[in-house]
Structures are given as C-alpha cells and as structure tokens.
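Encoded as structure tokens, the structure appears first; notes follow it.
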Amino acid sequence: MDIVKKRILITGGAGFLGSHLCDRLINDGHDVLCVDNYFTGSKDNIAAHLSNPQFEALRHDVCFPLSVEVDEIYNLACPASPIHYQFDPVQTTKTSVLGAINMLGLAKRTQAKIFQASTSEIYGEPLVHPQTEDYRGNVSTIGPRACYDEGKRCAETLFFDYHRQHELKIKVARIFNTYGPRMHPNDGRVVSNFIMQALKGEAITLFGDGSQTRAFCYVDDLIEGFVRLMATEDAITGPINLGNPVEMTVAELAEKIVDLTGSSSKIAYRPLPVDDPTQRCPDITVARETLGWEPKVPLTLGLQRTIDYFDRLMSESEDRDATIVRLQA
Ligand SMILES: NC(=O)c1ccc[n+]([C@@H]2O[C@H](COP(=O)([O-])OP(=O)(O)OC[C@H]3O[C@@H](n4cnc5c(N)ncnc54)[C@H](O)[C@@H]3O)[C@@H](O)[C@H]2O)c1
C-alpha cells in the first residue's frame, strides 16, 4: 500500500521521544518539521536528519504562536522529568497550557489532526490500580509536581474543548514510563539514573525502600502506539493509555541493571521525594482493542540497548575530555 506523504509537525522533536518519532515518520516517507527550544532536547538527537530534505528543524518556544502549513501535529514539547520540569515550574505550566493553546490554534487554522502527549501523571497518586482511562486521578494542585500534572490536565481539557467547540480532530495519549536510547543521562529518571550509576560503579540510589512499582515501556513500542493512534478514524479521540502493563518494583529494576552491566555498584537508600507515586501501572485494554497495540520489546533487550547507548555516550565524552586535555597541554 502506498503511503500518502504528509507534512508533519513535531513539537519537542529534539527530545527523547520526539527524536524517535522524527526517525519513524521520516522512515515512513513523510516531511517532518521539528520544533524545539532545546531546553531538554538536543541537536545530537536529530543530527542524522539535518541534511535530509525531508526534515527541517526550527528553534521555537511553543509558548508563542507559530504559523506553518501542516497536515498533522504531534504536540510533545514539555520537559518530562521532575528535575527538569521543577527547574522552572512556571515555564512548565506555560509550556503545557500556552503550548496546547498555540498548537490547537494552529490545528484549527490548518485543519490538521493533532496528537497530545499526555501522561500517566494526570492520575497523580492513584487510588485505582491498574489505572483505566475513566479514572479521574488523585492529584495535588499545590505540590512540587503540580506544575507538570496540572499543566497536562489542563492541556487535555483544552484538547477536548477544541474538539467539541471547533470539531478539531484530536488524539490524546496518556503515556506511562518509557525508556530507551536518547533519554537524558542526568534527568533523574529511574532507568537513566540506575544505568549511569551502574556504569560508573557508583552506589545505586533507591528512594524509599524500593518497593514502589513502575512499568516500563521501550521507546520503539511507544512510537508504534503514537502512529497507530494518529491513524485511527476521526471518532477516536482518546484518551488512551500507552505503556507497558508488566509491573516490577524499583528494587527489582536496580538488580536487573546491576546484573546486565556487570557492575559492582551497591544499593544506597534515600528518603522518598514528595508526591512520588507508590504504584503506577497502565490498564491497556482500550489500546489493545482500539489500536491492536501492545508492547513487544522484552525488558532485558530494551535495557541492553539503553545501556549500550549510555555506554557509548560516556566513552564519547571521555574521548572529548581527553582531546581537550591534549589540546590544552
Ligand atoms: N518519557 C516518558 O516516559 C513520558 C511519560 C509521559 C509523558 N511524556 C510526555 O512526552 C513528551 C516528550 O517527553 P520526553 O521524555 O521526550 O521528554 P524530553 O524532555 O526529552 O523532550 C521534551 C522536548 O520538548 C522541548 N521543549 C520543552 N519546552 C519547550 C517549549 N516551551 N517550546 C519548545 N520545545 C520545548 C525540549 O527541549 C525537549 O526536546 C512530553 O510532553 C512528556 O510530558 C513522556
């Protein structure tokens, strides 16, 4: 079957998920416009495409309006890890809310279909387990994570109001913990933290007693879910949970990473941060039934690819440091 070539805008396209989405959509034959302010994203993530005529990168902050002609929009711009989104919480809320307003306005003018990268964080500290899409969440409006959680909740509200009021074609995905190559090495997220600590032979920091559970989805699986959701008929709006329903404790994850890296790192226990959810696991029945989608990449394989990526990153930066020392000598 021939693929119809589309002009696709990806906000946050130089970030972890965004850059994998760029790879996928270019590979599928589309024209991709990557918009990013490079707050947490990096040109290295999109370097492979910079000379490709199918690809364009634009430095732009989504808090400001953008006028371009596109057929589809994936709205991913927003720092995703607590360290980054709490660095400038006001800017985080602005990015989610003003970013959504600006991208929805663009979709309205161009009649583009628009996808929102929402999050499992909208469920807060869930009182229902696993989380289904009809669960309304248990979120603090005033805690340190609220800038992200409430910003994303408000963005969902805007998406559904634009849909009802202006008949926009919307697709809202609630993304659960995802990992893979190009995660930021210092973003404090559990997978990147543990791998970096293990590779450096440093103590692995476990918050609380490590019994809190998480479910980890490999990035390629998630991107497949994005593309399938975008391709659904107009009546399908979401929200749809996308994530891996296989749950494990954070302590089990630490042990697996120590094992795979062959590291001699020991575990160090630290107090649990404020509002850190104790359990997080998606119910993906809707995604299975609507998209025929479920994660396929086994954790061991996904972790190995991620470890190889961080390993390469570390040796490249050691090589760079060695060159600088040589040049300065
Ligand atoms: N990775 C996950 O596990 C996960 C889970 C749930 C939701 N999400 C959502 O998916 C999206 C992408 O997450 P990610 O993990 O790739 O994070 P990321 O931080 O790697 O990517 C976010 C990108 O947005 C850009 N950005 C931030 N503020 C911007 C602004 N004002 N204007 C333009 N660009 C801006 C950053 O520079 C970065 O490139 C985010 O919206 C996040 O909330 C991710």
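By order of appearance in the structure tokens: chains A, B, ..., then residues from 1 within every chain, and ligands from 1 in the order shown.
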
Problem - Filtered DSSP result for stretch 127-321 of chain A, state strand (DSSP E or B), as an MDAnalysis selection string - result: chainID A and resid 131 138 170:175 178:179 204:207 213:215 217:218 240:242 247:249 267:270 282

Dump of N, CA, C and O atoms for the selected residues, as a compact mmCIF listing (two decimals), in the first residue's frame:
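New file result.txt:
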```txt
# COMPACT_ATOMS: atom_id res chain seq x y z
N GLN A 131 -4.43 1.67 36.37
CA GLN A 131 -5.23 2.84 36.02
C GLN A 131 -5.93 2.65 34.67
O GLN A 131 -5.29 2.32 33.68
N ASN A 138 -5.88 11.48 41.36
CA ASN A 138 -5.76 11.95 42.74
C ASN A 138 -4.51 12.83 42.76
O ASN A 138 -3.41 12.37 43.04
N ILE A 170 -8.78 15.30 17.29
CA ILE A 170 -7.76 15.19 18.36
C ILE A 170 -7.47 13.73 18.69
O ILE A 170 -8.32 12.86 18.54
N LYS A 171 -6.25 13.52 19.18
CA LYS A 171 -5.81 12.19 19.61
C LYS A 171 -5.00 12.39 20.89
O LYS A 171 -3.92 12.99 20.85
N VAL A 172 -5.52 11.93 22.01
CA VAL A 172 -4.83 12.15 23.28
C VAL A 172 -4.31 10.82 23.83
O VAL A 172 -5.09 9.90 24.10
N ALA A 173 -2.98 10.75 23.98
CA ALA A 173 -2.36 9.54 24.53
C ALA A 173 -1.87 9.83 25.95
O ALA A 173 -1.23 10.85 26.17
N ARG A 174 -2.20 8.96 26.88
CA ARG A 174 -1.64 9.07 28.24
C ARG A 174 -0.46 8.10 28.33
O ARG A 174 -0.64 6.88 28.38
N ILE A 175 0.73 8.71 28.33
CA ILE A 175 1.95 7.91 28.24
C ILE A 175 2.45 7.54 29.64
O ILE A 175 2.51 8.38 30.52
N THR A 178 8.46 5.50 29.95
CA THR A 178 9.09 4.95 28.74
C THR A 178 10.59 5.16 28.84
O THR A 178 11.05 6.14 29.42
N TYR A 179 11.34 4.23 28.28
CA TYR A 179 12.79 4.32 28.38
C TYR A 179 13.41 3.91 27.05
O TYR A 179 12.74 3.31 26.19
N ILE A 204 23.86 2.76 43.69
CA ILE A 204 22.56 2.94 43.04
C ILE A 204 21.60 3.51 44.09
O ILE A 204 21.35 2.87 45.12
N THR A 205 21.08 4.71 43.84
CA THR A 205 20.21 5.34 44.85
C THR A 205 18.77 4.89 44.68
O THR A 205 18.14 5.13 43.65
N LEU A 206 18.27 4.24 45.74
CA LEU A 206 16.87 3.79 45.76
C LEU A 206 16.10 4.71 46.69
O LEU A 206 16.50 4.91 47.84
N PHE A 207 15.01 5.30 46.19
CA PHE A 207 14.20 6.18 47.04
C PHE A 207 13.17 5.33 47.78
O PHE A 207 12.57 4.43 47.20
N THR A 213 6.24 0.42 42.74
CA THR A 213 6.29 -0.29 41.45
C THR A 213 6.21 0.69 40.28
O THR A 213 5.64 1.77 40.39
N ARG A 214 6.79 0.27 39.18
CA ARG A 214 6.70 1.01 37.92
C ARG A 214 6.58 -0.02 36.80
O ARG A 214 6.93 -1.20 37.00
N ALA A 215 6.13 0.43 35.64
CA ALA A 215 6.03 -0.45 34.48
C ALA A 215 6.71 0.28 33.34
O ALA A 215 6.41 1.45 33.10
N CYS A 217 8.01 0.89 29.42
CA CYS A 217 7.75 0.59 28.01
C CYS A 217 8.96 1.01 27.18
O CYS A 217 9.50 2.11 27.37
N TYR A 218 9.38 0.18 26.25
CA TYR A 218 10.51 0.54 25.40
C TYR A 218 10.04 1.53 24.33
O TYR A 218 8.93 1.41 23.79
N ILE A 240 -6.16 7.59 25.58
CA ILE A 240 -5.80 6.17 25.54
C ILE A 240 -4.48 5.98 26.29
O ILE A 240 -3.50 6.69 26.02
N ASN A 241 -4.47 5.04 27.23
CA ASN A 241 -3.23 4.72 27.94
C ASN A 241 -2.27 4.01 26.99
O ASN A 241 -2.66 3.05 26.31
N LEU A 242 -1.02 4.46 26.97
CA LEU A 242 0.04 3.73 26.23
C LEU A 242 1.18 3.48 27.21
O LEU A 242 1.75 4.42 27.77
N GLU A 247 4.41 -4.97 35.58
CA GLU A 247 4.86 -4.16 36.70
C GLU A 247 6.05 -4.81 37.42
O GLU A 247 6.13 -6.02 37.50
N MET A 248 6.96 -3.99 37.92
CA MET A 248 8.04 -4.51 38.75
C MET A 248 8.40 -3.48 39.82
O MET A 248 8.07 -2.30 39.67
N THR A 249 9.06 -3.92 40.87
CA THR A 249 9.45 -2.94 41.88
C THR A 249 10.72 -2.24 41.40
O THR A 249 11.48 -2.79 40.58
N ILE A 267 23.57 -0.83 46.60
CA ILE A 267 22.35 -0.02 46.71
C ILE A 267 22.46 0.96 47.88
O ILE A 267 22.90 0.58 48.96
N ALA A 268 22.08 2.24 47.66
CA ALA A 268 22.03 3.22 48.76
C ALA A 268 20.59 3.72 48.88
O ALA A 268 19.99 4.11 47.87
N TYR A 269 20.04 3.67 50.11
CA TYR A 269 18.63 4.07 50.29
C TYR A 269 18.53 5.55 50.64
O TYR A 269 19.33 6.07 51.40
N ARG A 270 17.56 6.25 50.04
CA ARG A 270 17.32 7.68 50.28
C ARG A 270 15.84 7.89 50.58
O ARG A 270 15.01 7.09 50.13
N PRO A 282 -0.36 0.85 33.80
CA PRO A 282 -1.50 1.12 32.92
C PRO A 282 -2.39 -0.09 32.71
O PRO A 282 -1.91 -1.22 32.64
```

Practice task
Enumerate residues in contact with ligand 1: an atom-to-atom distance of at most 7 Å, counting only C-alpha atoms and all ligand atoms. Format the result as a PyMOL selection string.
Solution key: chain A and resi 11-18+35-42+60-63+76-81+95+99+117-120+174-179+183-184

With N, CA, C and O atoms retained, write the just-selected residues as a short mmCIF file (atom, residue, chain, number, x, y, z; two decimals), in the first residue's frame.
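Written file, selection.cif:
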```
data_model
loop_
_atom_site.label_atom_id
_atom_site.label_comp_id
_atom_site.auth_asym_id
_atom_site.auth_seq_id
_atom_site.Cartn_x
_atom_site.Cartn_y
_atom_site.Cartn_z
N THR A 11 6.30 18.98 17.89
CA THR A 11 6.87 19.90 18.88
C THR A 11 7.60 19.05 19.92
O THR A 11 7.17 17.95 20.26
N GLY A 12 8.75 19.56 20.38
CA GLY A 12 9.58 18.76 21.28
C GLY A 12 10.28 17.66 20.50
O GLY A 12 10.67 16.63 21.04
N GLY A 13 10.47 17.89 19.19
CA GLY A 13 11.01 16.86 18.29
C GLY A 13 12.48 16.52 18.52
O GLY A 13 12.96 15.51 18.01
N ALA A 14 13.20 17.38 19.27
CA ALA A 14 14.62 17.07 19.53
C ALA A 14 14.81 16.39 20.88
O ALA A 14 15.93 16.17 21.32
N GLY A 15 13.70 16.06 21.53
CA GLY A 15 13.79 15.37 22.83
C GLY A 15 13.90 13.87 22.65
O GLY A 15 14.05 13.36 21.53
N PHE A 16 13.78 13.17 23.76
CA PHE A 16 13.90 11.71 23.76
C PHE A 16 12.83 11.07 22.85
O PHE A 16 13.14 10.48 21.81
N LEU A 17 11.56 11.23 23.21
CA LEU A 17 10.51 10.59 22.40
C LEU A 17 10.38 11.26 21.04
O LEU A 17 10.22 10.58 20.02
N GLY A 18 10.48 12.60 21.02
CA GLY A 18 10.29 13.35 19.77
C GLY A 18 11.27 12.93 18.69
O GLY A 18 10.89 12.79 17.52
N VAL A 35 10.07 21.20 15.86
CA VAL A 35 10.10 22.48 16.55
C VAL A 35 10.53 22.24 17.99
O VAL A 35 9.96 21.39 18.67
N ASP A 36 11.55 22.94 18.42
CA ASP A 36 12.07 22.70 19.78
C ASP A 36 12.82 23.93 20.27
O ASP A 36 13.43 24.63 19.47
N ASN A 37 12.75 24.18 21.59
CA ASN A 37 13.57 25.28 22.13
C ASN A 37 14.86 24.75 22.77
O ASN A 37 15.60 25.50 23.38
N TYR A 38 15.09 23.45 22.65
CA TYR A 38 16.30 22.77 23.14
C TYR A 38 16.50 22.93 24.64
O TYR A 38 17.64 22.91 25.11
N PHE A 39 15.42 23.06 25.40
CA PHE A 39 15.57 23.13 26.86
C PHE A 39 16.11 21.80 27.39
O PHE A 39 17.11 21.75 28.10
N THR A 40 15.44 20.71 27.05
CA THR A 40 15.96 19.39 27.44
C THR A 40 16.33 18.55 26.23
O THR A 40 16.95 17.51 26.38
N GLY A 41 15.96 19.00 25.05
CA GLY A 41 16.30 18.25 23.84
C GLY A 41 17.69 18.64 23.36
O GLY A 41 18.33 19.53 23.91
N SER A 42 18.13 17.97 22.31
CA SER A 42 19.48 18.23 21.83
C SER A 42 19.56 18.03 20.31
O SER A 42 18.88 17.16 19.76
N HIS A 60 12.16 27.19 18.36
CA HIS A 60 10.95 27.97 18.67
C HIS A 60 10.40 27.50 20.00
O HIS A 60 10.43 26.31 20.32
N ASP A 61 9.86 28.44 20.78
CA ASP A 61 9.22 28.12 22.06
C ASP A 61 7.72 28.06 21.82
O ASP A 61 7.13 29.04 21.35
N VAL A 62 7.09 26.92 22.16
CA VAL A 62 5.66 26.75 21.85
C VAL A 62 4.77 27.68 22.67
O VAL A 62 3.56 27.73 22.43
N CYS A 63 5.34 28.37 23.65
CA CYS A 63 4.54 29.36 24.40
C CYS A 63 4.16 30.53 23.50
O CYS A 63 3.36 31.38 23.89
N LEU A 76 4.51 17.33 21.60
CA LEU A 76 5.30 16.65 22.63
C LEU A 76 6.10 17.63 23.49
O LEU A 76 6.73 17.22 24.46
N ALA A 77 6.12 18.91 23.11
CA ALA A 77 7.00 19.85 23.81
C ALA A 77 6.61 19.98 25.27
O ALA A 77 5.48 20.34 25.58
N CYS A 78 7.52 19.64 26.15
CA CYS A 78 7.35 19.80 27.61
C CYS A 78 8.45 18.99 28.28
O CYS A 78 8.66 17.82 27.92
N PRO A 79 9.17 19.60 29.22
CA PRO A 79 10.15 18.78 29.95
C PRO A 79 9.39 17.68 30.70
O PRO A 79 8.31 17.93 31.24
N ALA A 80 9.97 16.46 30.72
CA ALA A 80 9.19 15.33 31.23
C ALA A 80 9.72 14.77 32.56
O ALA A 80 9.02 14.01 33.22
N SER A 81 10.93 15.12 32.95
CA SER A 81 11.44 14.53 34.19
C SER A 81 11.32 15.56 35.31
O SER A 81 11.47 16.76 35.07
N THR A 95 4.33 26.03 29.21
CA THR A 95 4.60 25.17 28.04
C THR A 95 3.42 24.25 27.77
O THR A 95 2.97 24.11 26.63
N GLY A 99 1.33 26.21 25.22
CA GLY A 99 1.75 25.36 24.09
C GLY A 99 0.54 24.68 23.47
O GLY A 99 0.38 24.64 22.25
N ALA A 117 0.72 14.53 23.69
CA ALA A 117 1.46 13.63 24.58
C ALA A 117 1.06 13.96 26.01
O ALA A 117 1.68 14.78 26.67
N SER A 118 0.01 13.30 26.46
CA SER A 118 -0.38 13.47 27.86
C SER A 118 0.36 12.42 28.69
O SER A 118 1.27 11.75 28.17
N THR A 119 -0.01 12.27 29.91
CA THR A 119 0.84 11.47 30.79
C THR A 119 0.05 10.73 31.86
O THR A 119 -1.02 11.18 32.29
N SER A 120 0.64 9.65 32.34
CA SER A 120 0.06 8.92 33.47
C SER A 120 0.06 9.79 34.73
O SER A 120 -0.67 9.50 35.68
N ARG A 174 -2.20 8.96 26.88
CA ARG A 174 -1.64 9.07 28.24
C ARG A 174 -0.46 8.10 28.33
O ARG A 174 -0.64 6.88 28.38
N ILE A 175 0.73 8.71 28.33
CA ILE A 175 1.95 7.91 28.24
C ILE A 175 2.45 7.54 29.64
O ILE A 175 2.51 8.38 30.52
N PHE A 176 2.79 6.26 29.79
CA PHE A 176 3.39 5.79 31.05
C PHE A 176 4.91 5.69 30.83
O PHE A 176 5.39 5.73 29.71
N ASN A 177 5.63 5.51 31.94
CA ASN A 177 7.10 5.43 31.92
C ASN A 177 7.67 4.75 30.68
O ASN A 177 7.41 3.57 30.44
N THR A 178 8.46 5.50 29.95
CA THR A 178 9.09 4.95 28.74
C THR A 178 10.59 5.16 28.84
O THR A 178 11.05 6.14 29.42
N TYR A 179 11.34 4.23 28.28
CA TYR A 179 12.79 4.32 28.38
C TYR A 179 13.41 3.91 27.05
O TYR A 179 12.74 3.31 26.19
N MET A 183 17.47 8.95 26.12
CA MET A 183 17.00 9.57 27.37
C MET A 183 18.12 10.47 27.83
O MET A 183 19.30 10.20 27.57
N HIS A 184 17.77 11.52 28.54
CA HIS A 184 18.79 12.42 29.07
C HIS A 184 19.55 11.69 30.18
O HIS A 184 18.93 11.15 31.10
#
```

Would you pick out the contacts of A:Val227 at 9 Å or less, using only C-alpha atoms, so that residues sharing its chain but fewer than 5 positions from it are not included, and give the list as a PDB file with all heavy atoms, in the first residue's frame?
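File result-v7.pdb, as written:
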```
ATOM      1  N   LEU A  21      10.323   9.722  17.207  1.00  0.00           N
ATOM      2  CA  LEU A  21       9.166   9.916  16.328  1.00  0.00           C
ATOM      3  C   LEU A  21       9.604  10.517  14.989  1.00  0.00           C
ATOM      4  O   LEU A  21       9.109  10.117  13.926  1.00  0.00           O
ATOM      5  CB  LEU A  21       8.136  10.821  17.033  1.00  0.00           C
ATOM      6  CG  LEU A  21       6.813  11.047  16.327  1.00  0.00           C
ATOM      7  CD1 LEU A  21       6.061   9.730  16.079  1.00  0.00           C
ATOM      8  CD2 LEU A  21       5.921  12.001  17.142  1.00  0.00           C
ATOM      9  N   ARG A  24      10.961   7.731  12.899  1.00  0.00           N
ATOM     10  CA  ARG A  24       9.908   6.847  12.403  1.00  0.00           C
ATOM     11  C   ARG A  24       9.142   7.485  11.238  1.00  0.00           C
ATOM     12  O   ARG A  24       8.913   6.860  10.200  1.00  0.00           O
ATOM     13  CB  ARG A  24       8.968   6.500  13.569  1.00  0.00           C
ATOM     14  CG  ARG A  24       7.667   5.849  13.184  1.00  0.00           C
ATOM     15  CD  ARG A  24       7.909   4.463  12.558  1.00  0.00           C
ATOM     16  NE  ARG A  24       6.683   3.962  11.986  1.00  0.00           N
ATOM     17  CZ  ARG A  24       5.848   3.123  12.597  1.00  0.00           C
ATOM     18  NH1 ARG A  24       6.137   2.667  13.793  1.00  0.00           N
ATOM     19  NH2 ARG A  24       4.748   2.725  12.014  1.00  0.00           N
ATOM     20  N   LEU A  25       8.780   8.762  11.401  1.00  0.00           N
ATOM     21  CA  LEU A  25       7.935   9.391  10.372  1.00  0.00           C
ATOM     22  C   LEU A  25       8.728   9.678   9.098  1.00  0.00           C
ATOM     23  O   LEU A  25       8.194   9.581   7.994  1.00  0.00           O
ATOM     24  CB  LEU A  25       7.286  10.661  10.937  1.00  0.00           C
ATOM     25  CG  LEU A  25       6.300  10.399  12.092  1.00  0.00           C
ATOM     26  CD1 LEU A  25       5.792  11.702  12.683  1.00  0.00           C
ATOM     27  CD2 LEU A  25       5.118   9.538  11.623  1.00  0.00           C
ATOM     28  N   LEU A 222       6.352   2.359  22.107  1.00  0.00           N
ATOM     29  CA  LEU A 222       5.513   3.536  22.344  1.00  0.00           C
ATOM     30  C   LEU A 222       5.250   4.293  21.045  1.00  0.00           C
ATOM     31  O   LEU A 222       4.116   4.681  20.742  1.00  0.00           O
ATOM     32  CB  LEU A 222       6.192   4.465  23.362  1.00  0.00           C
ATOM     33  CG  LEU A 222       5.301   5.643  23.753  1.00  0.00           C
ATOM     34  CD1 LEU A 222       4.271   5.227  24.784  1.00  0.00           C
ATOM     35  CD2 LEU A 222       6.107   6.815  24.273  1.00  0.00           C
ATOM     36  N   THR A 232      -6.019   6.449  13.449  1.00  0.00           N
ATOM     37  CA  THR A 232      -7.382   5.968  13.691  1.00  0.00           C
ATOM     38  C   THR A 232      -8.407   6.903  13.051  1.00  0.00           C
ATOM     39  O   THR A 232      -8.104   8.059  12.752  1.00  0.00           O
ATOM     40  CB  THR A 232      -7.694   5.876  15.208  1.00  0.00           C
ATOM     41  OG1 THR A 232      -7.359   7.125  15.818  1.00  0.00           O
ATOM     42  CG2 THR A 232      -6.953   4.752  15.873  1.00  0.00           C
TER      43      THR A 232
END
```

Practice task
Have a look at atom CA of A:Gly124 and atom CA of A:Glu252 and let me know their distance in Å, one decimal.
Solution key: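 Taking atom CA of A:Gly124 as the start and atom CA of A:Glu252 as the end point, the length is 22.9 Å.
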
Exercise for the section: Would you list, as a VMD selection string, the residues of stretch 226-261 of chain A that end up in alpha helix (DSSP H) under DSSP run on this structure's backbone? Expected result: chain A and resid 226 to 230 250 to 261

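The environment of A:Leu106 within 9 Å, counting only C-alpha atoms and disregarding residues fewer than 3 places along the same chain, consists of A:Pro65, A:Leu66, A:Ser67, A:Val68, A:Glu69, A:Val70, A:Ile73, A:Ile101, A:Asn102, A:Met103, A:Arg109, A:Thr110, A:Gln111, A:Ala112.
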
How about saving the chosen residues, C-alpha atoms kept, as a CSV table (one decimal), in the first residue's frame?
```csv
chain,number,residue,atom,x,y,z
A,65,PRO,CA,2.2,31.3,18.3
A,66,LEU,CA,3.6,29.5,15.2
A,67,SER,CA,2.3,29.9,11.7
A,68,VAL,CA,3.2,27.0,9.4
A,69,GLU,CA,1.3,24.8,7.0
A,70,VAL,CA,1.0,21.2,8.2
A,73,ILE,CA,0.8,17.9,14.6
A,101,ILE,CA,-3.5,26.7,23.0
A,102,ASN,CA,-1.0,27.7,20.3
A,103,MET,CA,-0.8,24.2,18.7
A,109,ARG,CA,-6.5,27.2,11.1
A,110,THR,CA,-4.8,24.4,9.1
A,111,GLN,CA,-7.5,21.7,9.8
A,112,ALA,CA,-4.6,19.5,10.9
```

Practice task
Determine, counting only C-alpha atoms, which protein, DNA and RNA residues have an atom within 12 Å of an atom of A:Ile83; residues of the same chain fewer than 5 positions away are not included. Present the result as JSON, numbers by chain.
Solution key: {"A": [40, 88, 89, 92, 144, 145, 148, 184, 185, 186, 187, 188, 189, 190, 193, 273]}

Expected file contents, prior selection, N, CA and C atoms, as a PDB file, in the first residue's frame:
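Output file again17.pdb follows:
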```pdb
ATOM      1  N   THR A  40      15.445  20.712  27.051  1.00  0.00           N
ATOM      2  CA  THR A  40      15.958  19.391  27.444  1.00  0.00           C
ATOM      3  C   THR A  40      16.332  18.547  26.233  1.00  0.00           C
ATOM      4  N   ASP A  88      11.972  25.216  36.415  1.00  0.00           N
ATOM      5  CA  ASP A  88      11.258  26.475  36.209  1.00  0.00           C
ATOM      6  C   ASP A  88       9.772  26.119  36.085  1.00  0.00           C
ATOM      7  N   PRO A  89       9.124  25.889  37.250  1.00  0.00           N
ATOM      8  CA  PRO A  89       7.757  25.356  37.229  1.00  0.00           C
ATOM      9  C   PRO A  89       6.763  26.248  36.491  1.00  0.00           C
ATOM     10  N   THR A  92       7.037  25.514  32.970  1.00  0.00           N
ATOM     11  CA  THR A  92       6.483  24.186  32.670  1.00  0.00           C
ATOM     12  C   THR A  92       4.977  24.278  32.435  1.00  0.00           C
ATOM     13  N   PRO A 144       4.962  20.160  44.479  1.00  0.00           N
ATOM     14  CA  PRO A 144       6.026  20.465  43.517  1.00  0.00           C
ATOM     15  C   PRO A 144       5.865  19.807  42.149  1.00  0.00           C
ATOM     16  N   ARG A 145       5.018  18.767  42.065  1.00  0.00           N
ATOM     17  CA  ARG A 145       4.802  18.122  40.760  1.00  0.00           C
ATOM     18  C   ARG A 145       3.604  18.709  40.030  1.00  0.00           C
ATOM     19  N   TYR A 148       3.570  20.240  36.425  1.00  0.00           N
ATOM     20  CA  TYR A 148       3.537  19.282  35.306  1.00  0.00           C
ATOM     21  C   TYR A 148       2.172  18.607  35.229  1.00  0.00           C
ATOM     22  N   HIS A 184      17.770  11.517  28.542  1.00  0.00           N
ATOM     23  CA  HIS A 184      18.787  12.419  29.068  1.00  0.00           C
ATOM     24  C   HIS A 184      19.555  11.691  30.183  1.00  0.00           C
ATOM     25  N   PRO A 185      20.917  11.659  30.111  1.00  0.00           N
ATOM     26  CA  PRO A 185      21.639  10.873  31.115  1.00  0.00           C
ATOM     27  C   PRO A 185      21.501  11.413  32.546  1.00  0.00           C
ATOM     28  N   ASN A 186      21.198  12.709  32.682  1.00  0.00           N
ATOM     29  CA  ASN A 186      21.119  13.276  34.046  1.00  0.00           C
ATOM     30  C   ASN A 186      19.719  13.748  34.386  1.00  0.00           C
ATOM     31  N   ASP A 187      18.702  13.040  33.909  1.00  0.00           N
ATOM     32  CA  ASP A 187      17.346  13.551  34.139  1.00  0.00           C
ATOM     33  C   ASP A 187      16.722  13.027  35.431  1.00  0.00           C
ATOM     34  N   GLY A 188      17.481  12.225  36.185  1.00  0.00           N
ATOM     35  CA  GLY A 188      16.984  11.759  37.479  1.00  0.00           C
ATOM     36  C   GLY A 188      15.895  10.700  37.365  1.00  0.00           C
ATOM     37  N   ARG A 189      15.567  10.280  36.115  1.00  0.00           N
ATOM     38  CA  ARG A 189      14.541   9.241  35.997  1.00  0.00           C
ATOM     39  C   ARG A 189      15.178   7.901  36.352  1.00  0.00           C
ATOM     40  N   VAL A 190      14.336   6.997  36.821  1.00  0.00           N
ATOM     41  CA  VAL A 190      14.875   5.804  37.461  1.00  0.00           C
ATOM     42  C   VAL A 190      15.764   4.959  36.520  1.00  0.00           C
ATOM     43  N   ASN A 193      19.043   6.975  35.685  1.00  0.00           N
ATOM     44  CA  ASN A 193      19.817   7.084  36.920  1.00  0.00           C
ATOM     45  C   ASN A 193      20.566   5.794  37.241  1.00  0.00           C
ATOM     46  N   PRO A 273      10.863  11.141  47.633  1.00  0.00           N
ATOM     47  CA  PRO A 273      10.501  12.544  47.366  1.00  0.00           C
ATOM     48  C   PRO A 273       8.998  12.795  47.564  1.00  0.00           C
TER      49      PRO A 273
END
```

Practice task
Could you jot down the atom CA of A:Tyr123 to atom CA of A:Ala251 separation for me, Å, one decimal place?
Solution key: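 We find that atom CA of A:Tyr123 and atom CA of A:Ala251 lie 22.9 Å from each other.
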